[in-house]
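See below for structure.tsv, which holds TSV, C-alpha atoms and all ligand atoms.
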chain	number	residue	atom	x	y	z
K	78	MET	CA	16.12	4.36	12.71
K	79	PRO	CA	16.73	6.21	15.99
K	80	ASP	CA	13.89	6.28	18.48
K	81	GLY	CA	11.44	9.15	18.38
K	82	ARG	CA	11.85	10.02	14.71
K	83	GLN	CA	8.99	11.53	12.79
K	84	VAL	CA	7.56	9.62	9.87
K	85	THR	CA	5.23	11.12	7.30
K	86	PRO	CA	3.27	8.68	5.16
K	87	THR	CA	1.81	10.47	2.17
K	88	ARG	CA	-1.36	8.86	0.76
K	89	SER	CA	-2.78	8.59	4.06
K	90	ALA	CA	-3.89	11.26	6.34
K	91	TYR	CA	-3.56	14.83	7.28
K	92	LEU	CA	-1.07	17.64	7.21
K	93	GLU	CA	-3.46	20.51	7.29
K	94	LEU	CA	-2.37	23.06	9.82
K	95	LYS	CA	-5.36	23.49	12.04
K	96	ASP	CA	-5.68	24.24	15.69
K	97	GLU	CA	-7.01	21.80	18.21
K	98	ARG	CA	-10.37	23.53	18.74
K	99	GLN	CA	-11.09	23.53	15.04
K	100	LEU	CA	-10.33	19.83	14.80
K	101	ILE	CA	-12.52	19.00	17.76
K	102	GLN	CA	-15.34	21.10	16.28
K	103	GLU	CA	-15.00	19.05	13.12
K	104	GLY	CA	-15.57	15.92	15.14
K	105	TYR	CA	-12.07	14.48	15.16
K	106	GLU	CA	-10.90	12.49	18.11
K	107	PHE	CA	-7.56	11.31	19.36
K	108	LEU	CA	-7.66	7.65	18.57
K	109	ASP	CA	-4.49	6.34	20.11
K	110	GLU	CA	-3.44	7.92	23.35
K	111	LYS	CA	-0.13	6.08	23.48
K	112	ARG	CA	0.94	7.31	20.12
K	113	MET	CA	-0.11	10.82	21.02
K	114	ILE	CA	2.23	10.81	23.98
K	115	VAL	CA	5.30	10.22	21.84
K	116	ALA	CA	4.48	13.13	19.55
K	117	GLN	CA	6.67	16.09	20.30
K	118	GLU	CA	4.48	18.94	19.16
K	119	MET	CA	0.78	19.60	19.31
K	120	LEU	CA	0.66	20.00	15.55
K	121	ARG	CA	2.00	16.52	15.08
K	122	GLN	CA	-0.42	15.16	17.62
K	123	LEU	CA	-3.32	16.75	15.80
K	124	ALA	CA	-2.24	15.49	12.44
K	125	ALA	CA	-1.87	12.00	13.83
K	126	ALA	CA	-5.29	12.32	15.42
K	127	HIS	CA	-6.76	12.52	11.97
K	128	LEU	CA	-5.26	9.26	11.00
K	129	GLY	CA	-7.86	6.80	12.17
K	130	GLN	CA	-10.62	8.59	10.32
K	131	ALA	CA	-8.92	9.71	7.17
K	132	VAL	CA	-6.82	6.71	6.36
K	133	GLU	CA	-7.80	3.56	4.57
K	134	HIS	CA	-5.98	0.49	3.35
K	135	LEU	CA	-2.20	0.57	3.68
K	136	GLY	CA	-2.25	3.89	5.53
K	137	HIS	CA	-4.56	2.42	8.14
K	138	GLU	CA	-2.28	-0.55	8.68
K	139	LEU	CA	0.79	1.69	8.90
K	140	ALA	CA	-0.97	3.66	11.60
K	141	ARG	CA	-2.11	0.56	13.44
K	142	SER	CA	1.34	-1.01	13.55
K	143	CYS	CA	3.28	2.22	14.03
K	144	PRO	CA	5.92	1.64	16.72
K	145	GLU	CA	5.15	3.56	19.88
K	146	ASP	CA	8.33	5.59	19.75
K	147	ILE	CA	7.49	7.02	16.35
K	148	ALA	CA	5.31	10.07	15.87
K	149	LEU	CA	3.36	9.47	12.72
K	150	VAL	CA	2.10	12.37	10.65
K	151	ALA	CA	-0.09	11.33	7.78
K	152	THR	CA	-1.61	13.04	4.78
K	153	ASP	CA	-4.23	12.19	2.21
K	154	HIS	CA	-4.94	13.38	-1.30
K	155	ASP	CA	-7.28	16.14	-0.11
K	156	THR	CA	-4.74	17.65	2.22
K	157	LEU	CA	-1.52	17.09	0.32
K	158	ASP	CA	-1.37	16.64	-3.44
K	159	ILE	CA	2.03	15.10	-4.10
K	160	THR	CA	2.08	16.56	-7.61
K	161	ASP	CA	2.11	20.05	-6.02
K	162	ILE	CA	5.76	20.72	-5.30
K	163	HIS	CA	5.02	23.82	-3.21
K	164	ALA	CA	2.58	21.92	-1.00
K	165	ILE	CA	5.19	19.21	-0.51
K	166	GLN	CA	7.85	21.74	0.42
K	167	ALA	CA	5.46	23.36	2.90
K	168	ALA	CA	4.62	19.98	4.44
K	169	PHE	CA	8.28	19.11	4.88
K	170	GLU	CA	8.89	22.52	6.41
K	171	ALA	CA	5.96	22.16	8.78
K	172	HIS	CA	6.68	18.65	9.96
K	173	ARG	CA	10.39	18.19	9.44
K	174	PRO	CA	10.12	14.40	9.20
K	175	ASP	CA	13.07	12.04	9.47
K	176	TRP	CA	11.39	9.50	7.20
K	177	LEU	CA	8.86	9.71	4.41
K	178	ILE	CA	6.72	6.77	3.27
K	179	ASN	CA	5.28	7.37	-0.18
K	180	ALA	CA	2.27	5.12	-0.57
K	181	ALA	CA	0.36	7.60	-2.74
K	182	ASP	CA	-0.51	6.03	-6.03
K	183	TYR	CA	-2.46	6.37	-9.24
K	184	THR	CA	-4.02	2.94	-8.74
K	185	ALA	CA	-6.43	2.66	-11.69
K	186	VAL	CA	-4.54	0.05	-13.69
K	187	ASP	CA	-6.98	0.00	-16.62
K	188	LYS	CA	-7.73	3.73	-16.68
K	189	ALA	CA	-4.00	4.43	-16.77
K	190	GLU	CA	-3.97	3.14	-20.35
K	191	SER	CA	-5.98	6.21	-21.40
K	192	GLU	CA	-4.50	8.60	-18.81
K	193	PRO	CA	-0.77	7.93	-19.07
K	194	GLU	CA	0.25	11.51	-18.25
K	195	LYS	CA	-1.80	11.59	-15.08
K	196	ALA	CA	-0.49	8.19	-13.97
K	197	ALA	CA	3.09	9.28	-14.66
K	198	ALA	CA	2.65	12.59	-12.83
K	199	ILE	CA	1.69	10.78	-9.62
K	200	ASN	CA	3.58	7.49	-9.84
K	201	ALA	CA	6.81	8.75	-11.41
K	202	THR	CA	7.35	12.52	-11.41
K	203	ALA	CA	5.93	13.15	-7.93
K	204	ALA	CA	7.81	10.18	-6.47
K	205	GLY	CA	11.05	11.55	-7.92
K	206	ASN	CA	10.30	15.02	-6.56
K	207	LEU	CA	9.66	13.60	-3.10
K	208	ALA	CA	12.98	11.78	-3.27
K	209	ARG	CA	14.80	14.96	-4.31
K	210	ILE	CA	13.33	16.90	-1.41
K	211	CYS	CA	14.24	14.02	0.91
K	212	ARG	CA	17.83	14.21	-0.28
K	213	GLU	CA	17.96	17.99	0.17
K	214	ARG	CA	16.63	17.65	3.69
K	215	ASN	CA	18.48	14.52	4.69
K	216	VAL	CA	15.23	12.58	5.05
K	217	SER	CA	15.09	8.81	4.49
K	218	MET	CA	12.43	7.55	2.13
K	219	VAL	CA	10.32	4.45	1.55
K	220	GLN	CA	8.71	4.07	-1.86
K	221	ILE	CA	5.96	1.48	-2.18
K	222	SER	CA	6.00	-0.25	-5.56
K	223	THR	CA	4.41	-3.17	-7.34
K	224	ASP	CA	4.75	-6.64	-8.87
K	225	PHE	CA	3.41	-5.07	-12.09
K	226	VAL	CA	6.95	-3.95	-12.94
K	227	PHE	CA	7.36	-7.55	-14.17
K	228	ASP	CA	5.83	-9.06	-17.30
K	229	GLY	CA	5.02	-12.49	-15.90
K	230	ALA	CA	7.02	-14.38	-18.52
K	231	GLN	CA	9.03	-16.12	-15.82
K	232	SER	CA	7.80	-19.29	-14.13
K	233	THR	CA	9.92	-18.93	-10.99
K	234	PRO	CA	9.58	-16.15	-8.40
K	235	TYR	CA	11.02	-12.79	-9.42
K	236	LEU	CA	14.11	-11.65	-7.52
K	237	PRO	CA	14.46	-7.94	-6.68
K	238	GLY	CA	17.25	-7.63	-9.24
K	239	ASP	CA	15.48	-9.50	-12.04
K	240	GLU	CA	14.85	-7.72	-15.28
K	241	THR	CA	11.74	-5.57	-15.24
K	242	HIS	CA	9.38	-5.28	-18.15
K	243	PRO	CA	5.99	-3.81	-17.33
K	244	LEU	CA	3.11	-4.78	-19.59
K	245	GLY	CA	1.00	-1.67	-19.14
K	246	VAL	CA	1.10	2.04	-18.40
K	247	TYR	CA	0.51	1.56	-14.66
K	248	GLY	CA	3.49	-0.77	-14.22
K	249	ALA	CA	5.64	1.42	-16.48
K	250	THR	CA	4.91	4.53	-14.42
K	251	LYS	CA	5.61	2.68	-11.16
K	252	LEU	CA	8.94	1.47	-12.58
K	253	GLU	CA	9.73	5.01	-13.68
K	254	GLY	CA	8.92	6.06	-10.11
K	255	GLU	CA	11.33	3.49	-8.67
K	256	ARG	CA	14.06	4.75	-10.99
K	257	ALA	CA	13.39	8.40	-10.26
K	258	VAL	CA	13.50	7.73	-6.53
K	259	ARG	CA	16.73	5.72	-6.71
K	260	SER	CA	18.39	8.25	-8.96
K	261	ALA	CA	17.57	11.17	-6.63
K	262	LEU	CA	18.12	9.21	-3.44
K	263	PRO	CA	20.26	6.09	-3.96
K	264	GLY	CA	19.76	5.00	-0.35
K	265	ALA	CA	15.96	4.92	-0.63
K	266	LEU	CA	14.07	1.82	0.48
K	267	ILE	CA	11.79	0.47	-2.24
K	268	ILE	CA	9.27	-2.16	-1.21
K	269	ARG	CA	7.42	-3.98	-3.98
K	270	THR	CA	4.21	-5.68	-2.99
K	271	SER	CA	1.40	-7.55	-4.75
K	272	TRP	CA	-2.36	-8.16	-4.58
K	273	LEU	CA	-2.77	-5.88	-1.58
K	274	TYR	CA	-5.94	-6.01	0.51
K	275	SER	CA	-7.18	-5.01	3.94
K	276	ALA	CA	-10.37	-4.51	5.91
K	277	HIS	CA	-10.30	-0.85	4.86
K	278	GLY	CA	-10.77	0.84	1.52
K	279	ASN	CA	-11.53	-0.85	-1.79
K	280	ASN	CA	-9.75	-4.02	-2.76
K	281	PHE	CA	-10.36	-7.48	-4.23
K	282	VAL	CA	-11.38	-9.12	-0.95
K	283	LYS	CA	-13.88	-6.38	-0.11
K	284	SER	CA	-15.29	-6.52	-3.67
K	285	MET	CA	-15.68	-10.30	-3.49
K	286	LEU	CA	-17.48	-10.08	-0.16
K	287	THR	CA	-19.92	-7.58	-1.64
K	288	LEU	CA	-20.45	-9.50	-4.87
K	289	MET	CA	-20.90	-12.80	-3.04
K	290	GLN	CA	-23.82	-11.27	-1.20
K	291	SER	CA	-25.50	-9.79	-4.25
K	292	ARG	CA	-24.78	-12.27	-7.07
K	293	ASP	CA	-25.87	-15.86	-7.63
K	294	GLU	CA	-22.57	-16.91	-9.17
K	295	LEU	CA	-19.18	-15.43	-10.04
K	296	SER	CA	-16.64	-16.08	-12.79
K	297	ILE	CA	-13.07	-15.30	-11.79
K	298	VAL	CA	-9.84	-15.37	-13.78
K	299	ALA	CA	-7.87	-18.53	-13.03
K	300	ASP	CA	-4.81	-18.09	-15.25
K	301	GLN	CA	-3.20	-15.14	-13.47
K	302	VAL	CA	-1.12	-16.25	-10.51
K	303	GLY	CA	0.41	-14.15	-7.75
K	304	SER	CA	0.72	-13.77	-3.99
K	305	PRO	CA	-2.03	-12.00	-2.05
K	306	THR	CA	-0.73	-9.62	0.62
K	307	TRP	CA	-2.56	-8.41	3.70
K	308	ALA	CA	-1.70	-4.73	4.15
K	309	ALA	CA	-0.79	-5.55	7.76
K	310	THR	CA	2.04	-7.77	6.50
K	311	LEU	CA	3.34	-4.94	4.34
K	312	ALA	CA	3.01	-2.31	7.08
K	313	ASN	CA	4.88	-4.44	9.61
K	314	THR	CA	7.58	-5.18	7.08
K	315	ALA	CA	7.98	-1.51	6.23
K	316	TRP	CA	8.44	-0.49	9.88
K	317	ARG	CA	10.95	-3.27	10.50
K	318	LEU	CA	13.00	-2.55	7.39
K	319	MET	CA	13.00	1.13	8.28
K	320	ARG	CA	14.22	0.30	11.75
K	321	GLN	CA	17.19	-1.44	10.12
K	322	ASP	CA	17.83	1.49	7.78
K	323	ALA	CA	17.43	-0.97	4.91
K	324	GLN	CA	18.22	0.41	1.46
K	325	GLY	CA	17.48	-0.80	-2.04
K	326	ILE	CA	14.70	-3.03	-3.36
K	327	TYR	CA	12.84	-5.51	-1.17
K	328	HIS	CA	9.92	-7.76	-2.07
K	329	CYS	CA	7.06	-8.16	0.36
K	330	SER	CA	4.00	-10.38	0.06
K	331	ASP	CA	2.39	-13.11	2.08
K	332	ASN	CA	3.76	-16.54	1.25
K	333	GLY	CA	2.25	-19.03	-1.14
K	334	VAL	CA	0.71	-18.51	-4.56
K	335	ALA	CA	-2.84	-18.36	-5.83
K	336	SER	CA	-4.82	-17.50	-8.92
K	337	TRP	CA	-7.53	-14.86	-8.57
K	338	TYR	CA	-9.96	-17.79	-8.75
K	339	ASP	CA	-8.20	-19.64	-5.88
K	340	PHE	CA	-8.22	-16.41	-3.90
K	341	ALA	CA	-11.95	-15.85	-4.49
K	342	VAL	CA	-12.80	-19.43	-3.47
K	343	ALA	CA	-10.76	-19.02	-0.28
K	344	ILE	CA	-12.43	-15.69	0.47
K	345	GLN	CA	-15.84	-17.33	0.24
K	346	GLU	CA	-14.78	-20.27	2.44
K	347	GLU	CA	-13.29	-18.04	5.11
K	348	ALA	CA	-16.23	-15.64	5.02
K	349	LEU	CA	-18.72	-18.50	5.38
K	350	ALA	CA	-16.74	-19.91	8.31
K	351	ALA	CA	-16.63	-16.48	9.98
K	352	GLY	CA	-20.37	-15.94	9.47
K	353	LEU	CA	-19.84	-13.00	7.10
K	354	LEU	CA	-21.68	-14.83	4.31
K	355	GLN	CA	-24.82	-16.87	4.82
K	356	ARG	CA	-24.79	-18.94	1.62
K	357	ALA	CA	-22.21	-20.26	-0.84
K	358	ILE	CA	-22.50	-19.33	-4.51
K	359	PRO	CA	-20.77	-21.11	-7.39
K	360	VAL	CA	-17.39	-19.55	-8.26
K	361	ARG	CA	-16.29	-20.53	-11.76
K	362	PRO	CA	-12.74	-20.34	-13.15
K	363	ILE	CA	-12.37	-18.45	-16.44
K	364	ARG	CA	-9.48	-17.50	-18.72
K	365	THR	CA	-8.12	-13.96	-19.00
K	366	GLU	CA	-9.56	-13.66	-22.55
K	367	GLN	CA	-13.03	-14.16	-21.08
K	368	TYR	CA	-12.60	-11.09	-18.86
K	369	PRO	CA	-11.11	-8.44	-21.18
K	370	THR	CA	-9.50	-5.41	-19.54
K	371	ALA	CA	-7.83	-2.33	-21.01
K	372	ALA	CA	-4.49	-3.15	-19.40
K	373	LYS	CA	-2.63	-6.40	-19.87
K	374	ARG	CA	-1.66	-8.03	-16.58
K	375	PRO	CA	1.21	-10.41	-15.82
K	376	SER	CA	0.06	-14.04	-15.78
K	377	TYR	CA	2.68	-14.82	-13.15
K	378	SER	CA	3.80	-12.15	-10.70
K	379	VAL	CA	5.11	-14.17	-7.76
K	380	MET	CA	8.04	-12.38	-6.12
K	381	ASP	CA	11.01	-13.99	-4.39
K	382	LYS	CA	11.15	-12.70	-0.81
K	383	GLN	CA	14.18	-14.51	0.56
K	384	SER	CA	16.25	-11.35	1.00
K	385	THR	CA	13.41	-9.66	2.88
K	386	GLU	CA	12.84	-12.71	5.07
K	387	ALA	CA	16.57	-12.86	5.80
K	388	ALA	CA	16.57	-9.21	6.84
K	389	LEU	CA	13.51	-9.71	9.06
K	390	GLY	CA	14.78	-13.00	10.47
K	391	GLU	CA	11.45	-14.75	9.85
K	392	THR	CA	9.25	-15.97	7.05
K	393	PHE	CA	6.08	-14.25	5.91
K	394	PRO	CA	2.78	-15.86	6.88
K	395	HIS	CA	0.94	-17.93	4.29
K	396	TRP	CA	-1.62	-15.81	2.43
K	397	ARG	CA	-4.46	-18.02	3.65
K	398	VAL	CA	-3.51	-17.38	7.28
K	399	SER	CA	-3.44	-13.63	6.68
K	400	LEU	CA	-6.74	-13.78	4.80
K	401	ARG	CA	-8.34	-15.57	7.77
K	402	ARG	CA	-7.14	-12.83	10.11
K	403	MET	CA	-8.41	-10.09	7.84
K	404	ILE	CA	-11.81	-11.80	7.49
K	405	ALA	CA	-11.96	-12.17	11.27
K	406	GLU	CA	-11.29	-8.46	11.55
K	407	VAL	CA	-14.11	-7.66	9.13
K	408	ALA	CA	-16.38	-9.99	11.08
K	409	GLY	CA	-15.45	-8.10	14.22
K	410	ALA	CA	-13.77	-11.07	15.84
K	411	ASP	CA	-10.18	-9.88	15.78
K	501	LIG	N1	-3.60	-2.60	-4.43
K	501	LIG	C1	-2.75	-3.52	-4.85
K	501	LIG	O1	-3.13	-4.65	-5.15
K	501	LIG	C2	-1.28	-3.20	-4.95
K	501	LIG	C3	-0.45	-4.14	-5.56
K	501	LIG	C4	0.92	-3.85	-5.64
K	501	LIG	C5	1.40	-2.67	-5.12
K	501	LIG	N2	0.56	-1.79	-4.53
K	501	LIG	C6	1.14	-0.55	-4.01
K	501	LIG	O2	0.67	-0.26	-2.71
K	501	LIG	C7	0.62	1.16	-2.54
K	501	LIG	C8	-0.74	1.53	-1.98
K	501	LIG	O3	-1.70	1.13	-2.92
K	501	LIG	P1	-3.20	0.91	-2.51
K	501	LIG	O4	-3.77	-0.10	-3.39
K	501	LIG	O5	-3.27	0.83	-1.02
K	501	LIG	O6	-3.84	2.23	-3.01
K	501	LIG	P2	-4.94	3.18	-2.38
K	501	LIG	O7	-5.52	2.63	-1.16
K	501	LIG	O8	-5.86	3.56	-3.47
K	501	LIG	O9	-4.01	4.40	-2.02
K	501	LIG	C9	-3.51	5.28	-2.94
K	501	LIG	C10	-3.78	6.65	-2.39
K	501	LIG	O10	-3.03	7.59	-3.11
K	501	LIG	C11	-3.82	8.73	-3.15
K	501	LIG	N3	-3.39	9.65	-4.20
K	501	LIG	C12	-3.61	9.55	-5.53
K	501	LIG	N4	-3.08	10.63	-6.13
K	501	LIG	C13	-2.54	11.41	-5.18
K	501	LIG	C14	-1.86	12.66	-5.19
K	501	LIG	N5	-1.63	13.34	-6.32
K	501	LIG	N6	-1.46	13.18	-4.01
K	501	LIG	C15	-1.70	12.52	-2.85
K	501	LIG	N7	-2.33	11.34	-2.77
K	501	LIG	C16	-2.74	10.79	-3.94
K	501	LIG	C17	-5.21	8.23	-3.38
K	501	LIG	O11	-6.17	9.20	-3.05
K	501	LIG	P3	-7.50	9.32	-3.93
K	501	LIG	O12	-8.15	7.97	-3.89
K	501	LIG	O13	-8.27	10.38	-3.21
K	501	LIG	O14	-7.06	9.72	-5.29
K	501	LIG	C18	-5.23	7.05	-2.43
K	501	LIG	O15	-5.64	7.47	-1.16
K	501	LIG	C19	0.91	1.78	-3.90
K	501	LIG	O16	2.25	2.19	-3.94
K	501	LIG	C20	0.73	0.63	-4.89
K	501	LIG	O17	1.59	0.72	-5.99
K	501	LIG	C21	-0.78	-2.01	-4.44
Write out the structure in this file as structure tokens.
Amino acid sequence: MPDGRQVTPTRSAYLELKDERQLIQEGYEFLDEKRMIVAQEMLRQLAAAHLGQAVEHLGHELARSCPEDIALVATDHDTLDITDIHAIQAAFEAHRPDWLINAADYTAVDKAESEPEKAAAINATAAGNLARICRERNVSMVQISTDFVFDGAQSTPYLPGDETHPLGVYGATKLEGERAVRSALPGALIIRTSWLYSAHGNNFVKSMLTLMQSRDELSIVADQVGSPTWAATLANTAWRLMRQDAQGIYHCSDNGVASWYDFAVAIQEEALAAGLLQRAIPVRPIRTEQYPTAAKRPSYSVMDKQSTEAALGETFPHWRVSLRRMIAEVAGAD
């Protein structure tokens, strides 16, 4: 990726065309002076200025690790609905990005079972439309996807080329999205990730930290195994693969495997050590049948990351190391 290119992550921030005074009146601030300097136009600077306030989760990490020579323009659901083709066209016209990162997602795995059309509109149709517009405009694209494209029947890590077989509507729509993107834009970069968490937004780690303060004990599923991923790991990987103009499917997660139960126990241990929690509560392992959900989930969704690690020239951190860093960030020590 040449220096100075513009990158637009959907999901995550702001494309609204406002002038500087209006933004300042609304209380927005420029959060990262260095990144502002690389932006070429005031509009881009203003959009990027929104980032720190509007973005959560992956979007936040993409902003935080954005290389200094890249001007990042970000959007969120309120400012750019990716199912609105006209809004997308207008955004491309306004910002003329060189790259697009699509991290927008219908994330409600269980609700998707009763809202398949809505899930498909966002995860599949809109992703395909974005890819088509990227092709028309010679824009490179990153599509963020999921371990839920696999059924978990394997007992060894899934390779990028392994057969997919989603168990539920969510995974099926994400797989449809991958296919739509690749069909419209064969050179697209698709990054599958798993068990994503960060200090921002809602996710398993944040939920556990809240529940561990309010409950006297917790029961957590111990027979679903995967690899937790700090959003910072994913964001860094995305930037580095983009820099290499990587194409095709790559897997990205932190290293090591855990059940949700293992993960919860580790969250409590790390949070106690960091002073985020004052007391330990019992965490009990349960079977999936004891925690019924609308959507079936893969019992094993560990992904093989050797091709990604080879491209990056280094191995991913162990999930426990990343968890410690995230907990330190929440505790204000990072
Ligand atoms: N979370 C995980 O454990 C996990 C696991 C594997 C893969 N991933 C992948 O990681 C990526 C990010 O997921 P995440 O968990 O970070 O999700 P997230 O924080 O909930 O982000 C998804 C965002 O997409 C937005 N969105 C939904 N519909 C939209 C639309 N029509 N137009 C524009 N924006 C829309 C949502 O906005 P609203 O909330 O306002 O609707 C939300 O801000 C996704 O591609 C997902 O498949 C996540």
In Å to one decimal, how far is CA of Ile199 (chain K) from atom N6 of ligand LIG 501 (chain K)? 6.9 Å
Neighbour list for Val246 (chain K) as a PyMOL selection string, cut-off 7 Å, only C-alpha atoms, skip fewer than 3 positions in-chain: chain K and resi 189-190+193+249-250
Okay, now the selection with C-alpha atoms, as a short mmCIF file (atom, residue, chain, number, x, y, z; two decimals), keeping the file's coordinate frame?
data_model
loop_
_atom_site.label_atom_id
_atom_site.label_comp_id
_atom_site.auth_asym_id
_atom_site.auth_seq_id
_atom_site.Cartn_x
_atom_site.Cartn_y
_atom_site.Cartn_z
CA ALA K 189 -4.00 4.43 -16.77
CA GLU K 190 -3.97 3.14 -20.35
CA PRO K 193 -0.77 7.93 -19.07
CA ALA K 249 5.64 1.42 -16.48
CA THR K 250 4.91 4.53 -14.42
#
Please identify every polymer residue within 7 Å of ligand LIG 501 (chain K), using only C-alpha atoms and all ligand atoms, and present the set as JSON, numbers by chain. {"K": [87, 88, 89, 133, 134, 135, 153, 154, 155, 157, 158, 159, 160, 180, 181, 182, 183, 184, 199, 221, 222, 223, 224, 251, 269, 270, 271, 272, 273, 274, 278, 279, 280]}
Residue selection dump (C-alpha atoms) as a CSV table (one decimal), in the coordinates of the input:
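The resulting file, out-v5.csv, is reproduced below:
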chain,number,residue,atom,x,y,z
K,87,THR,CA,1.8,10.5,2.2
K,88,ARG,CA,-1.4,8.9,0.8
K,89,SER,CA,-2.8,8.6,4.1
K,133,GLU,CA,-7.8,3.6,4.6
K,134,HIS,CA,-6.0,0.5,3.4
K,135,LEU,CA,-2.2,0.6,3.7
K,153,ASP,CA,-4.2,12.2,2.2
K,154,HIS,CA,-4.9,13.4,-1.3
K,155,ASP,CA,-7.3,16.1,-0.1
K,157,LEU,CA,-1.5,17.1,0.3
K,158,ASP,CA,-1.4,16.6,-3.4
K,159,ILE,CA,2.0,15.1,-4.1
K,160,THR,CA,2.1,16.6,-7.6
K,180,ALA,CA,2.3,5.1,-0.6
K,181,ALA,CA,0.4,7.6,-2.7
K,182,ASP,CA,-0.5,6.0,-6.0
K,183,TYR,CA,-2.5,6.4,-9.2
K,184,THR,CA,-4.0,2.9,-8.7
K,199,ILE,CA,1.7,10.8,-9.6
K,221,ILE,CA,6.0,1.5,-2.2
K,222,SER,CA,6.0,-0.2,-5.6
K,223,THR,CA,4.4,-3.2,-7.3
K,224,ASP,CA,4.8,-6.6,-8.9
K,251,LYS,CA,5.6,2.7,-11.2
K,269,ARG,CA,7.4,-4.0,-4.0
K,270,THR,CA,4.2,-5.7,-3.0
K,271,SER,CA,1.4,-7.6,-4.8
K,272,TRP,CA,-2.4,-8.2,-4.6
K,273,LEU,CA,-2.8,-5.9,-1.6
K,274,TYR,CA,-5.9,-6.0,0.5
K,278,GLY,CA,-10.8,0.8,1.5
K,279,ASN,CA,-11.5,-0.8,-1.8
K,280,ASN,CA,-9.8,-4.0,-2.8
Please determine, counting only C-alpha atoms, which residue among K:Met380, K:Ala405, K:Leu318, K:Ala299 has the shortest atom-to-atom distance to Ala348 (chain K). K:Ala405
So which residues touch Gln383 (chain K) within 10 Å, counting all atoms listed in the file, skipping near sequence neighbours fewer than 5 positions away, as a list in words?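 Residues near the query, excluding close chain neighbours: Leu236, Pro237, Tyr327, His328, Cys329, Ala388, Leu389, Glu391, Thr392 and Phe393 of chain K.
Counting only C-alpha atoms and comparing K:Arg317, K:Ser296, K:Leu252, K:Ala257, the residue that lies closest to Gly390 (chain K) is K:Arg317.
Distances to Ala208 (chain K) were evaluated for K:Pro263, K:Ala164, K:Ala185, K:Thr233 using all atoms listed in the file, and the minimum falls at K:Pro263.
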Please list as a count of residues only every residue within 12 Å of Glu406 (chain K), counting all atoms listed in the file and excluding residues in the same chain fewer than 5 positions away. 14
Any idea what's packed within 10 Å of Glu240 (chain K), counting only C-alpha atoms, ignoring anything in its chain fewer than 6 positions away? Could you give it as an MDAnalysis selection string? chainID K and resid 226:228
